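Engineer: So that you have it, the file is protein.csv, and it contains CSV, C-alpha atoms:
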chain,number,residue,atom,x,y,z
V,4,MET,CA,20.8,-75.5,-42.5
V,5,LYS,CA,19.7,-72.5,-44.5
V,6,LEU,CA,16.1,-73.7,-44.1
V,7,LYS,CA,16.4,-73.9,-40.4
V,8,ILE,CA,17.8,-70.4,-40.1
V,9,LEU,CA,15.1,-69.1,-42.4
V,10,THR,CA,12.4,-70.9,-40.4
V,11,ILE,CA,13.8,-69.6,-37.1
V,12,THR,CA,14.1,-66.1,-38.5
V,13,LEU,CA,10.5,-66.2,-39.8
V,14,LEU,CA,9.3,-67.6,-36.5
V,15,LEU,CA,11.1,-64.9,-34.5
V,16,LEU,CA,9.7,-62.2,-36.8
V,17,PHE,CA,6.2,-63.6,-36.5
V,18,CYS,CA,6.5,-63.8,-32.6
V,19,SER,CA,8.0,-60.3,-32.3
V,20,HIS,CA,5.3,-58.9,-34.6
V,21,TYR,CA,2.6,-60.6,-32.6
V,22,ALA,CA,4.2,-59.4,-29.3
V,23,PHE,CA,4.6,-55.9,-30.6
V,24,ASN,CA,0.9,-55.8,-31.7
V,25,ALA,CA,-0.2,-57.3,-28.5
V,26,GLN,CA,1.5,-54.4,-26.6
V,27,LYS,CA,-0.1,-51.8,-28.9
V,28,THR,CA,-3.7,-52.7,-28.0
V,29,ASP,CA,-5.6,-49.6,-27.0
V,30,THR,CA,-7.6,-51.3,-24.2
V,31,PRO,CA,-7.7,-49.1,-21.2
V,32,PRO,CA,-6.3,-50.6,-18.0
V,33,LEU,CA,-8.8,-52.3,-15.7
V,34,THR,CA,-9.9,-50.6,-12.5
V,35,ILE,CA,-9.3,-52.3,-9.2
V,36,GLU,CA,-13.0,-53.0,-8.9
V,37,GLN,CA,-13.1,-54.6,-12.3
V,38,GLN,CA,-10.0,-56.7,-11.4
V,39,PHE,CA,-11.8,-57.9,-8.2
V,40,ASP,CA,-14.9,-58.8,-10.2
V,41,ILE,CA,-12.8,-60.8,-12.7
V,42,LEU,CA,-11.0,-62.6,-9.9
V,43,TYR,CA,-14.3,-63.5,-8.2
V,44,ARG,CA,-15.8,-64.8,-11.5
V,45,LYS,CA,-12.8,-66.9,-12.5
V,46,SER,CA,-12.3,-68.3,-9.0
V,47,SER,CA,-13.7,-71.7,-8.3
V,48,SER,CA,-16.2,-72.4,-5.5
V,49,TYR,CA,-15.9,-74.8,-2.7
V,50,ARG,CA,-19.1,-75.1,-0.7
V,51,GLN,CA,-19.8,-71.5,0.4
V,52,TYR,CA,-16.2,-70.4,-0.1
V,53,LYS,CA,-14.3,-69.1,-3.2
V,54,VAL,CA,-11.0,-70.6,-4.0
V,55,VAL,CA,-8.6,-68.0,-5.4
V,56,SER,CA,-5.5,-68.9,-7.3
V,57,LYS,CA,-2.3,-67.7,-5.7
V,58,LYS,CA,-1.0,-66.4,-9.0
V,59,LYS,CA,-4.2,-64.3,-9.6
V,60,TYR,CA,-4.2,-63.2,-6.0
V,61,ASN,CA,-0.6,-62.0,-6.3
V,62,GLN,CA,-1.4,-60.2,-9.6
V,63,LEU,CA,-4.3,-58.4,-7.9
V,64,LYS,CA,-2.2,-57.6,-4.9
V,65,LEU,CA,0.5,-56.1,-7.2
V,66,SER,CA,-2.1,-54.2,-9.2
V,67,VAL,CA,-3.7,-52.8,-6.0
V,68,SER,CA,-0.2,-52.0,-4.6
V,69,ASP,CA,0.7,-50.2,-7.8
V,70,SER,CA,-2.6,-48.3,-7.8
V,71,ILE,CA,-2.1,-47.3,-4.2
V,72,ASN,CA,1.5,-46.1,-4.9
V,73,ALA,CA,0.3,-44.2,-7.9
V,74,LEU,CA,-2.4,-42.5,-5.8
V,75,LYS,CA,0.1,-41.8,-3.1
V,76,THR,CA,2.4,-40.2,-5.7
V,77,LYS,CA,-0.5,-38.2,-7.1
V,78,ILE,CA,-1.5,-37.1,-3.6
V,79,SER,CA,2.1,-36.1,-2.8
V,80,GLN,CA,2.3,-34.1,-6.1
V,81,ARG,CA,-1.1,-32.5,-5.4
V,82,GLU,CA,0.0,-31.6,-1.8
V,83,LYS,CA,3.2,-30.0,-3.2
V,84,GLN,CA,1.1,-28.2,-5.8
V,85,LEU,CA,-1.3,-27.1,-3.1
V,86,THR,CA,1.6,-25.8,-0.9
V,87,LEU,CA,3.1,-23.9,-3.9
V,88,GLN,CA,-0.3,-22.4,-4.7
V,89,LYS,CA,-0.8,-21.4,-1.1
V,90,ALA,CA,2.6,-19.7,-1.1
V,91,GLU,CA,1.7,-18.0,-4.4
V,92,ILE,CA,-1.7,-16.9,-3.0
V,93,LYS,CA,0.0,-15.5,0.1
V,94,LYS,CA,2.5,-13.6,-2.1
V,95,ILE,CA,-0.4,-12.3,-4.3
V,96,LYS,CA,-2.4,-11.3,-1.2
V,97,GLU,CA,0.7,-9.4,0.1
V,98,THR,CA,1.2,-7.8,-3.2
V,99,LEU,CA,-2.5,-6.9,-3.4
V,100,ARG,CA,-2.3,-5.4,0.1
V,101,LYS,CA,0.7,-3.3,-0.8
V,102,THR,CA,-1.0,-2.3,-4.1
V,103,SER,CA,-4.2,-1.4,-2.2
V,104,GLY,CA,-2.1,0.7,0.2
V,105,ASN,CA,-0.3,2.4,-2.6
V,106,LEU,CA,-3.6,3.0,-4.4
V,107,GLU,CA,-5.1,4.6,-1.3
V,108,VAL,CA,-2.1,6.9,-0.9
V,109,SER,CA,-2.2,7.8,-4.6
V,110,ILE,CA,-6.0,8.5,-4.4
V,111,SER,CA,-5.5,10.6,-1.3
V,112,LYS,CA,-2.6,12.5,-2.9
V,113,GLU,CA,-4.8,13.0,-6.0
V,114,LYS,CA,-7.7,14.3,-3.9
V,115,SER,CA,-5.5,16.6,-1.9
V,116,ILE,CA,-3.1,19.5,-2.5
V,117,SER,CA,-0.2,20.7,-0.4
V,118,PHE,CA,-0.8,24.3,0.5
V,119,PHE,CA,1.8,26.2,2.7
V,120,GLY,CA,3.0,22.9,4.1
V,121,THR,CA,-0.4,21.5,5.0
V,122,THR,CA,-2.3,18.9,3.1
V,123,LEU,CA,-5.8,20.1,2.1
V,124,SER,CA,-8.5,18.3,0.2
V,125,LYS,CA,-9.2,19.7,-3.3
V,126,THR,CA,-12.6,20.9,-2.2
V,127,THR,CA,-11.2,22.9,0.7
V,128,TYR,CA,-8.4,24.2,-1.5
V,129,ASN,CA,-10.8,25.3,-4.2
V,130,LEU,CA,-13.0,27.0,-1.5
V,131,ILE,CA,-10.0,28.8,0.0
V,132,LEU,CA,-8.7,29.8,-3.5
V,133,TRP,CA,-12.1,31.1,-4.7
V,134,SER,CA,-12.7,32.9,-1.4
V,135,ILE,CA,-9.4,34.7,-1.9
V,136,VAL,CA,-10.3,35.5,-5.5
V,137,VAL,CA,-13.7,36.8,-4.5
V,138,ILE,CA,-12.2,38.9,-1.7
V,139,LEU,CA,-9.5,40.3,-4.0
V,140,LEU,CA,-12.1,41.1,-6.7
V,141,THR,CA,-14.3,42.7,-4.2
V,142,SER,CA,-11.4,44.7,-2.8
V,143,LEU,CA,-10.4,45.7,-6.4
V,144,GLY,CA,-13.9,46.8,-7.1
V,145,TYR,CA,-14.1,48.8,-3.9
V,146,PHE,CA,-10.7,50.5,-4.6
V,147,ILE,CA,-11.7,51.2,-8.3
V,148,PHE,CA,-15.0,52.7,-7.0
V,149,LYS,CA,-13.0,54.8,-4.4
V,150,PHE,CA,-10.5,55.8,-7.1
V,151,PHE,CA,-13.2,57.0,-9.5
V,152,LYS,CA,-15.0,58.8,-6.7
V,153,SER,CA,-11.7,60.4,-5.5
V,154,ASN,CA,-10.8,61.2,-9.1
V,155,GLU,CA,-14.1,63.0,-9.6
V,156,ILE,CA,-13.7,64.9,-6.3
V,157,THR,CA,-10.1,65.8,-7.4
V,158,LYS,CA,-11.4,67.0,-10.7
V,159,ILE,CA,-14.0,69.1,-9.0
V,160,ALA,CA,-11.4,70.4,-6.5
V,161,ARG,CA,-9.1,71.3,-9.4
V,162,LYS,CA,-11.8,73.1,-11.2
V,163,ASN,CA,-12.7,74.9,-8.0
V,164,LEU,CA,-9.1,75.7,-7.5
V,165,ILE,CA,-8.7,77.0,-11.0
V,166,ASP,CA,-11.9,79.1,-10.5
V,167,ALA,CA,-10.6,80.3,-7.1
V,168,GLU,CA,-7.3,81.2,-8.7
V,169,LYS,CA,-9.0,83.1,-11.5
V,170,ASP,CA,-11.2,84.8,-8.9
V,171,PHE,CA,-8.2,85.6,-6.8
V,172,GLU,CA,-6.4,86.9,-9.8
V,173,ILE,CA,-9.3,89.0,-10.9
V,174,ARG,CA,-9.7,90.3,-7.3
V,175,GLY,CA,-6.0,90.8,-7.1
V,176,LYS,CA,-6.1,92.9,-10.3
V,177,LYS,CA,-9.1,94.8,-9.1
V,178,SER,CA,-7.6,95.4,-5.7
V,179,LEU,CA,-4.3,96.4,-7.4
V,180,ALA,CA,-6.2,98.8,-9.6
V,181,ARG,CA,-8.1,100.2,-6.6
V,182,GLU,CA,-4.9,100.5,-4.7
V,183,GLN,CA,-3.3,102.3,-7.6
V,184,LYS,CA,-6.3,104.6,-7.8
V,185,LEU,CA,-6.0,105.3,-4.1
V,186,ARG,CA,-2.3,105.9,-4.3
V,187,ARG,CA,-2.9,108.3,-7.2
V,188,LYS,CA,-5.6,110.1,-5.2
V,189,LEU,CA,-3.3,110.1,-2.2
V,190,GLN,CA,-0.5,111.4,-4.4
V,191,ASP,CA,-2.8,113.9,-5.9
V,192,GLU,CA,-3.9,115.1,-2.5
V,193,ILE,CA,-0.2,115.2,-1.3
V,194,ASN,CA,0.7,117.2,-4.4
V,195,LYS,CA,-2.3,119.5,-3.7
V,196,GLN,CA,-1.2,120.0,-0.2
V,197,ARG,CA,2.3,120.7,-1.2
V,198,ASN,CA,1.2,123.2,-3.8
V,199,SER,CA,-1.2,125.0,-1.7
Could you spell out this file's structure in structure tokens?
Structural biologist:
Amino acid sequence: MKLKILTITLLLLFCSHYAFNAQKTDTPPLTIEQQFDILYRKSSSYRQYKVVSKKKYNQLKLSVSDSINALKTKISQREKQLTLQKAEIKKIKETLRKTSGNLEVSISKEKSISFFGTTLSKTTYNLILWSIVVILLTSLGYFIFKFFKSNEITKIARKNLIDAEKDFEIRGKKSLAREQKLRRKLQDEINKQRNS
């Protein structure tokens, strides 16, 4: 009895090991074309016809059906992937369009300046600003020139006024001295006339 159990156990182990190793073979699966070729070669001939075994025919049919189903699944997955990628591309294009619009707005804002409520390009703004600076500097130069010229005229006028005042003072003193002389002479004459 023990021998039978041992024999059966060894036989089962051997069979399972053989079955397990048979499943582990690394041979790639045959293509449909290769399976058709094998079926054709192994089929027997009767006159000009090939006689195909029903079992092999059903195996080939099942293999072809499995391949078609696998391809349909792949196609379905690829179509889903393609749909997702199209949606993603559409989102990316929309984002790109918005980003491009924002970029254009940013570039136009960078190239322009708001000046008294109007938007001007930097070139126009710089032209206006430098024109104002040049006009102000020219005006300042003109007024400085006029100031120095007026200042010189004022200095000359003051000098002339001082000279005139000195002349007037000298003439006033001379005329006062002459007047005093005339009064004395007049007083002398009046005194002479009274005494005589």
Engineer: As a list of chain:residue names, please: the residues near Tyr128 in chain V (cut-off 12 Å, only C-alpha atoms, same-chain neighbours under 3 positions excluded).
Structural biologist: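 Counting only the stated atoms, we get V:Lys114, V:Ser115, V:Ile116, V:Ser117, V:Phe118, V:Phe119, V:Thr121, V:Thr122, V:Leu123, V:Ser124, V:Lys125, V:Ile131, V:Leu132, V:Trp133, V:Ser134, V:Ile135.
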Engineer: Let me make sure I understand: among V:Ser66, V:Thr141, V:Gln51, V:Asn72, which one has the smallest atom-to-atom distance to Phe39 in chain V if we use all atoms listed in the file?
Structural biologist: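 For Phe39 in chain V, the nearest of the given residues is V:Ser66.
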Engineer: Can you tell me which residues surround Ser56 in chain V at a distance of at most 9 Å, considering only C-alpha atoms, apart from same-chain residues fewer than 5 positions away, and format the answer as a VMD selection string?
Structural biologist: chain V and resid 42 46 to 47 61
Engineer: My list of candidates is V:Ala90, V:Ile35, V:Arg197, V:Lys149. Which is closest to Asp69 in chain V when distances are computed with only C-alpha atoms?
Structural biologist: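 Counting only C-alpha atoms, the residue closest to Asp69 in chain V is V:Ile35.
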Engineer: Give me range 109-172 of chain V from this structure - C-alpha atoms, as a PDB file, in the first residue's frame.
Structural biologist:
ATOM      1  CA  SER V 109       1.893  91.798 -21.942  1.00  0.00           C
ATOM      2  CA  ILE V 110       4.199  92.728 -24.818  1.00  0.00           C
ATOM      3  CA  SER V 111       1.957  95.647 -25.827  1.00  0.00           C
ATOM      4  CA  LYS V 112       1.830  96.791 -22.182  1.00  0.00           C
ATOM      5  CA  GLU V 113       5.603  96.479 -21.972  1.00  0.00           C
ATOM      6  CA  LYS V 114       6.059  98.487 -25.163  1.00  0.00           C
ATOM      7  CA  SER V 115       3.578 101.180 -24.147  1.00  0.00           C
ATOM      8  CA  ILE V 116       3.127 103.645 -21.298  1.00  0.00           C
ATOM      9  CA  SER V 117      -0.027 105.249 -19.962  1.00  0.00           C
ATOM     10  CA  PHE V 118       0.408 109.011 -20.211  1.00  0.00           C
ATOM     11  CA  PHE V 119      -2.453 111.234 -18.996  1.00  0.00           C
ATOM     12  CA  GLY V 120      -4.957 108.435 -19.597  1.00  0.00           C
ATOM     13  CA  THR V 121      -3.806 107.602 -23.133  1.00  0.00           C
ATOM     14  CA  THR V 122      -1.638 104.659 -24.044  1.00  0.00           C
ATOM     15  CA  LEU V 123       1.474 105.650 -25.937  1.00  0.00           C
ATOM     16  CA  SER V 124       4.279 103.562 -27.339  1.00  0.00           C
ATOM     17  CA  LYS V 125       7.583 103.929 -25.523  1.00  0.00           C
ATOM     18  CA  THR V 126       9.129 105.552 -28.588  1.00  0.00           C
ATOM     19  CA  THR V 127       6.391 108.197 -28.735  1.00  0.00           C
ATOM     20  CA  TYR V 128       6.566 108.685 -24.972  1.00  0.00           C
ATOM     21  CA  ASN V 129      10.354 109.118 -25.091  1.00  0.00           C
ATOM     22  CA  LEU V 130      10.004 111.540 -28.012  1.00  0.00           C
ATOM     23  CA  ILE V 131       7.420 113.623 -26.117  1.00  0.00           C
ATOM     24  CA  LEU V 132       9.427 113.478 -22.883  1.00  0.00           C
ATOM     25  CA  TRP V 133      12.713 114.514 -24.535  1.00  0.00           C
ATOM     26  CA  SER V 134      10.912 117.216 -26.522  1.00  0.00           C
ATOM     27  CA  ILE V 135       9.565 118.629 -23.247  1.00  0.00           C
ATOM     28  CA  VAL V 136      13.035 118.388 -21.667  1.00  0.00           C
ATOM     29  CA  VAL V 137      14.643 120.150 -24.647  1.00  0.00           C
ATOM     30  CA  ILE V 138      11.961 122.872 -24.633  1.00  0.00           C
ATOM     31  CA  LEU V 139      12.398 123.368 -20.877  1.00  0.00           C
ATOM     32  CA  LEU V 140      16.197 123.468 -21.149  1.00  0.00           C
ATOM     33  CA  THR V 141      15.977 125.918 -24.065  1.00  0.00           C
ATOM     34  CA  SER V 142      13.530 128.076 -22.086  1.00  0.00           C
ATOM     35  CA  LEU V 143      15.785 127.892 -19.031  1.00  0.00           C
ATOM     36  CA  GLY V 144      18.797 128.898 -21.131  1.00  0.00           C
ATOM     37  CA  TYR V 145      16.812 131.795 -22.653  1.00  0.00           C
ATOM     38  CA  PHE V 146      15.639 133.003 -19.245  1.00  0.00           C
ATOM     39  CA  ILE V 147      19.141 132.675 -17.762  1.00  0.00           C
ATOM     40  CA  PHE V 148      20.497 134.694 -20.711  1.00  0.00           C
ATOM     41  CA  LYS V 149      17.763 137.308 -20.238  1.00  0.00           C
ATOM     42  CA  PHE V 150      18.411 137.357 -16.479  1.00  0.00           C
ATOM     43  CA  PHE V 151      22.142 137.974 -16.902  1.00  0.00           C
ATOM     44  CA  LYS V 152      21.483 140.593 -19.570  1.00  0.00           C
ATOM     45  CA  SER V 153      18.867 142.286 -17.368  1.00  0.00           C
ATOM     46  CA  ASN V 154      21.173 141.979 -14.377  1.00  0.00           C
ATOM     47  CA  GLU V 155      23.949 143.680 -16.332  1.00  0.00           C
ATOM     48  CA  ILE V 156      21.557 146.406 -17.464  1.00  0.00           C
ATOM     49  CA  THR V 157      20.376 146.774 -13.867  1.00  0.00           C
ATOM     50  CA  LYS V 158      23.965 147.084 -12.626  1.00  0.00           C
ATOM     51  CA  ILE V 159      24.676 149.732 -15.262  1.00  0.00           C
ATOM     52  CA  ALA V 160      21.418 151.523 -14.378  1.00  0.00           C
ATOM     53  CA  ARG V 161      22.310 151.437 -10.657  1.00  0.00           C
ATOM     54  CA  LYS V 162      25.785 152.737 -11.398  1.00  0.00           C
ATOM     55  CA  ASN V 163      24.276 155.485 -13.549  1.00  0.00           C
ATOM     56  CA  LEU V 164      21.731 156.215 -10.801  1.00  0.00           C
ATOM     57  CA  ILE V 165      24.475 156.425  -8.202  1.00  0.00           C
ATOM     58  CA  ASP V 166      26.475 158.676 -10.547  1.00  0.00           C
ATOM     59  CA  ALA V 167      23.381 160.757 -11.218  1.00  0.00           C
ATOM     60  CA  GLU V 168      22.642 160.999  -7.519  1.00  0.00           C
ATOM     61  CA  LYS V 169      26.233 162.068  -6.842  1.00  0.00           C
ATOM     62  CA  ASP V 170      26.005 164.623  -9.685  1.00  0.00           C
ATOM     63  CA  PHE V 171      22.665 165.777  -8.386  1.00  0.00           C
ATOM     64  CA  GLU V 172      24.075 166.048  -4.886  1.00  0.00           C
TER      65      GLU V 172
END
